Amino acid sequence: MGQIQLNQVTKSFGNVQVIPPLDLTIEDGEFTVFVGPSGCGKSTLLRMIAGLEDLTSGQISIDGEDATDTPPAKRGLAMVFQSYALYPHMSVRKNIAFPMRMAKMDKAEQDRRIEAAASALNLTDYLDRRPGQLSGGQRQRVAIGRAIVREPSAFLFDEPLSNLDAALRVGMRLEISEMHERLKTTMIYVTHDQVEAMTMADKIVVLQAGVIEQVGSPLDLYNAPCNKFVAGFIGSPKMNFIEGAEAAAHGAHCIGCRPEHITVSTTEGLWQGTVGVAEHLGSDTYIHIHGVPGCDPMTVRASGEFTVKHGDRVYLTPDMNHLHKFDEAGLRVA
Amino acid sequence: MATQHSRSAARIMLAPAVILLLGWMLVPLIMTLFFSFKKYLPLRGGDLGWVGFENYVRFVTSSSFWPSVLTTLVIVGGVLVITVVLGVLLAILLNQPMWGQGVVRILVIAPFFVMPTVSALVWKNMFMDPVNGLFAHLWKFFGATPVEWLTQVPMSSIIVIVSWQWLPFATLILLTAIQSLDGEQLEASEMDGAPPLARFAFIVLPHLGRAITVVVLIQTIFLLSIFAEIFVTTQGAFGTKTLTYLIYQRVLESQNVGLGSAGGVYAIILANIVAIFLMRMVGKNLDA
């Protein structure tokens with residue numbers, strides 16, 4: 001079990017309110033990702049759930065029981081830190097055993113759980129090494145191992161992949177997702193990387209300045225962002241926003257169109273502009289186009305074979321079914 | 001330092017410092033060795049020729065030799081235990097955020113700036129004096145007979161005085177070490193269910209291991225040659241005669257330079273034995 005409920009939770013540091021009253025329910029077994037730009041309060045929120053940060057007001061309940069003033073160790077949650085926070089003077093085995101040792105668990109049971117965690121995380125050969133002798137990815141796995149053996153009701157991840165290189169990050173992303181499929185335990189994952197959020201989450205919580213902008217499944221957020229912030233934050237490259245006469249023609253203050261929903265052609269189309277930088281990724285080419293009225297530069301996705309030169313004139317046609325309309329306040333217009 | 005030219009330039013530039021240090025160390029050492037094989041009594045005939053190992057034999061067979069070695073080790077050991085234990089506790093205390101942190105830290109470090117002679121005199125006359133000392137007044141206030149600190153418990157008194165001087169050093173080193181402890185490690189251990197004492201034992205103390213090693217090594221080097229505190233308090237009486245003090249007495253009070261020099265060589269040997277033991281015990285903390 002691991003249902004977590006936040007009820008009118010707030011947090012202030014001195015006079016600065018970083019989290020205005022906030023309500024959120026995380027269902028049992030759900031993989032929830034808190035995503036937002038840095039400084040948006042997502043880590044603070046996670047630390048409040050963990051019990052490492054006091055609430056200024058409001059209530060947190062875990063499995064229906066009030067846990068607002070419960071000390072971190074008693075909440076039954078395990079956390080994986082950004083810096084991994086491994087104990088440098090202990091071997092991997094002792095690191096993983098530490099929470100069980102503190103719980104005065106039976107020695108045989110400890111060994112059984114260590115073996116199980118080590119084989120699941122490919123750490124069996126490294127059990128007697130110190131964290132300092134491991135690579136970044138291995139350290140990450142030790143930190144996860146230390147969390148798993150406690151069999152917590154929920155896992156909390158605080159930007160766990162941000163210290164890894166790009167290739168490892170993709171691998172660890174898969175491992176964590178697979179772990180979630182296997183364990184079916186509630187997981188709360190904090191990241192500033194919308195790709196991690198989109199690929200891993202059952203439910204994404206988009207935060208800005210401590211306020212929840214939108215909660216929903218990755219595709220809900222992609223297909224129907226409720227405001228300009230979410231529209232711009234989810235999806236890569238960013239959505240193009242077009243203002244002015246072109247937007248007014250569609251009856252909105254601003255219209256948004258994702259780069260993948262614009263067709264680019266050298267002969268005909270609705271808008272025209274000149275090619276700036278083209279980023280060739282092999283499968284796709286992202287082209288930055290200047291001179292489109294109301295949006296400069298506009299990013300569009302073309303197929304990898306589409307070749308244009310800097311300064312070429314191109315024509316663009318948006319896919320009308322995937323056009324997002326926003327009003328003056330930046331909110332979605334149906 | 002890649003090229004031949006820059007390497008030789010570096011050697012030339014280093015040379016003055018190296019030569020100065022070598023001279024500073026080698027000249028006294030060679031003179032000590034030289035005199036230790038001579039019968040040299042400045043006020044009673046001067047240089048009376050070579051005597052082989054006679055000075056060494058006399059120094060060791062003297063009834064005050066072994067007690068002085070023991071006294072030295074007890075003082076060093078006592079001061080180390082007090083300064084490391086209190087130093088760790090003070091470092092943890094000073095690391096807590098509090099009002100006036102900067103001022104408190106300077107105050108705690110202040111004793112280190114007081115000269116050993118001065119601090120020993122202050123302790124002797126202002127605190128431990130059996131008639132006018134602060135402790136005497138305190139004892140009398142509670143109706144007890146004042147303790148004659150430097151005659152009744154001379155060793156403990158000297159250990160207290162020296163510990164007071166060296167505690168700031170230990171605290172300073174340990175405080176900087178404790179400040180480098182990763183806060184997330186403490187938070188992780190808190191989430192892992194470690195109560196405060198276990199966090200101290202499993203996280204803070206191992207983290208301080210290297211700093212404690214440094215404190216122990218440096219303090220041992222300085223404490224083995226402790227002199228001023230004994231000179232101004234007990235003058236080596238009441239069983240507080242350390243090896244250094246014994247050598248001083250042989251050279252200046254008995255005016256026997258040869259015998260004192262032989263003692264000096266023993267002091268070097270003792271220091272090396274202690275250093276080897278220390279390196280064995282705690283030196284492994286310095287690796288990695």
# chains A, B, ... in the order shown; residues from 1 in each chain; ligands from 1
call {"tool": "residues_around", "arguments": {"residues": "Ser162 of chain A", "least_positions_apart": "2", "cutoff": "10 Å", "atoms": "only C-alpha atoms", "output": "PDB file with C-alpha atoms, in the first residue's frame"}}
result
ATOM      1  CA  GLN A  82      20.477  13.237  -6.419  1.00  0.00           C
ATOM      2  CA  SER A  83      23.989  12.819  -4.970  1.00  0.00           C
ATOM      3  CA  ASP A 158      15.023  13.279  -6.255  1.00  0.00           C
ATOM      4  CA  GLU A 159      16.475  13.919  -9.736  1.00  0.00           C
ATOM      5  CA  PRO A 160      18.308  10.589  -9.561  1.00  0.00           C
ATOM      6  CA  LEU A 164      24.748  10.454 -15.194  1.00  0.00           C
ATOM      7  CA  ASP A 165      25.864  10.799 -18.780  1.00  0.00           C
ATOM      8  CA  ALA A 166      23.267  10.707 -21.537  1.00  0.00           C
ATOM      9  CA  ARG A 169      20.533   8.008 -18.223  1.00  0.00           C
ATOM     10  CA  THR A 191      12.923  15.784 -12.498  1.00  0.00           C
ATOM     11  CA  HIS A 192      13.367  18.914 -14.565  1.00  0.00           C
ATOM     12  CA  ASP A 193      13.698  16.811 -17.692  1.00  0.00           C
TER      13      ASP A 193
END
call {"tool": "select_by_dssp", "arguments": {"residues": "segment 44-230 of chain A", "states": "strand (DSSP E)", "output": "PyMOL selection string"}}
result
chain A and resi 57-62+65-66+77-80+154-158+186-191+203-208+211-216
call {"tool": "atom_distance", "arguments": {"atom1": "atom CA of Ile19 of chain B", "atom2": "atom CA of Phe34 of chain B"}}
result
21.1 Å
call {"tool": "interface_residues", "arguments": {"of": "chain A", "to": "chain B", "cutoff": "6 Å", "atoms": "only C-alpha atoms", "output": "number ranges by chain"}}
result
A: 72-73, 85, 99, 102
call {"tool": "residues_around", "arguments": {"residues": "Leu208 of chain B", "least_positions_apart": "5", "cutoff": "7 Å", "atoms": "only C-alpha atoms", "output": "PDB file with N, CA and C atoms, in the first residue's frame"}}
result
ATOM      1  N   LEU B 174      38.525  19.723  13.437  1.00  0.00           N
ATOM      2  CA  LEU B 174      37.348  18.865  13.378  1.00  0.00           C
ATOM      3  C   LEU B 174      36.128  19.627  12.877  1.00  0.00           C
ATOM      4  N   ALA B 177      36.248  19.774   9.229  1.00  0.00           N
ATOM      5  CA  ALA B 177      35.922  18.455   8.675  1.00  0.00           C
ATOM      6  C   ALA B 177      34.422  18.221   8.715  1.00  0.00           C
ATOM      7  N   ILE B 178      33.805  18.592   9.817  1.00  0.00           N
ATOM      8  CA  ILE B 178      32.368  18.312   9.982  1.00  0.00           C
ATOM      9  C   ILE B 178      31.560  19.158   9.006  1.00  0.00           C
TER      10      ILE B 178
END
call {"tool": "residues_around", "arguments": {"residues": "Val33 of chain A", "least_positions_apart": "6", "cutoff": "10 Å", "atoms": "only C-alpha atoms", "output": "list of chain:residue names"}}
result
A:Lys42, A:Leu156, A:Phe157, A:Met187, A:Ile188, A:Tyr189, A:Val190, A:Thr191, A:His192, A:Gln194, A:Glu196, A:Ala197, A:Met198, A:Met200, A:Ala201, A:Asp202, A:Lys203, A:Ile204, A:Val205, A:Val206, A:Val215, A:Ser217, A:Pro218
call {"tool": "residues_around", "arguments": {"residues": "segment 278-294 of chain A", "least_positions_apart": "6", "cutoff": "8 Å", "atoms": "only C-alpha atoms", "output": "JSON, numbers by chain"}}
result
{"A": [241, 242, 243, 244, 245, 246, 271, 272, 300, 301, 302, 303, 304, 305, 306, 310]}
call {"tool": "residues_around", "arguments": {"residues": "segment 247-258 of chain A", "least_positions_apart": "2", "cutoff": "9 Å", "atoms": "only C-alpha atoms", "output": "ChimeraX atom specification"}}
result
/A:228,231-232,235-245,260-262,294,299-301,318-320,322-330,333
call {"tool": "residues_around", "arguments": {"residues": "Met115 of chain B", "least_positions_apart": "4", "cutoff": "10 Å", "atoms": "only C-alpha atoms", "output": "ChimeraX atom specification"}}
result
/B:111,119-121,165,228-229
call {"tool": "select_by_dssp", "arguments": {"residues": "segment 83-179 of chain A", "states": "helix (DSSP H, G or I)", "output": "PyMOL selection string"}}
result
chain A and resi 92-102+107-120+124-126+131-133+136-148+166-179
call {"tool": "atom_distance", "arguments": {"atom1": "atom CA of Val18 of chain A", "atom2": "atom CA of Glu213 of chain A"}}
result
14.7 Å
call {"tool": "atom_distance", "arguments": {"atom1": "atom CA of Leu134 of chain B", "atom2": "atom CA of Trp164 of chain B"}}
result
16.2 Å
call {"tool": "closest_residue", "arguments": {"among": "B:Ile106, B:Val274, B:Ile212, B:Val160", "to": "Lys124 of chain B", "atoms": "only C-alpha atoms"}}
result
B:Val160
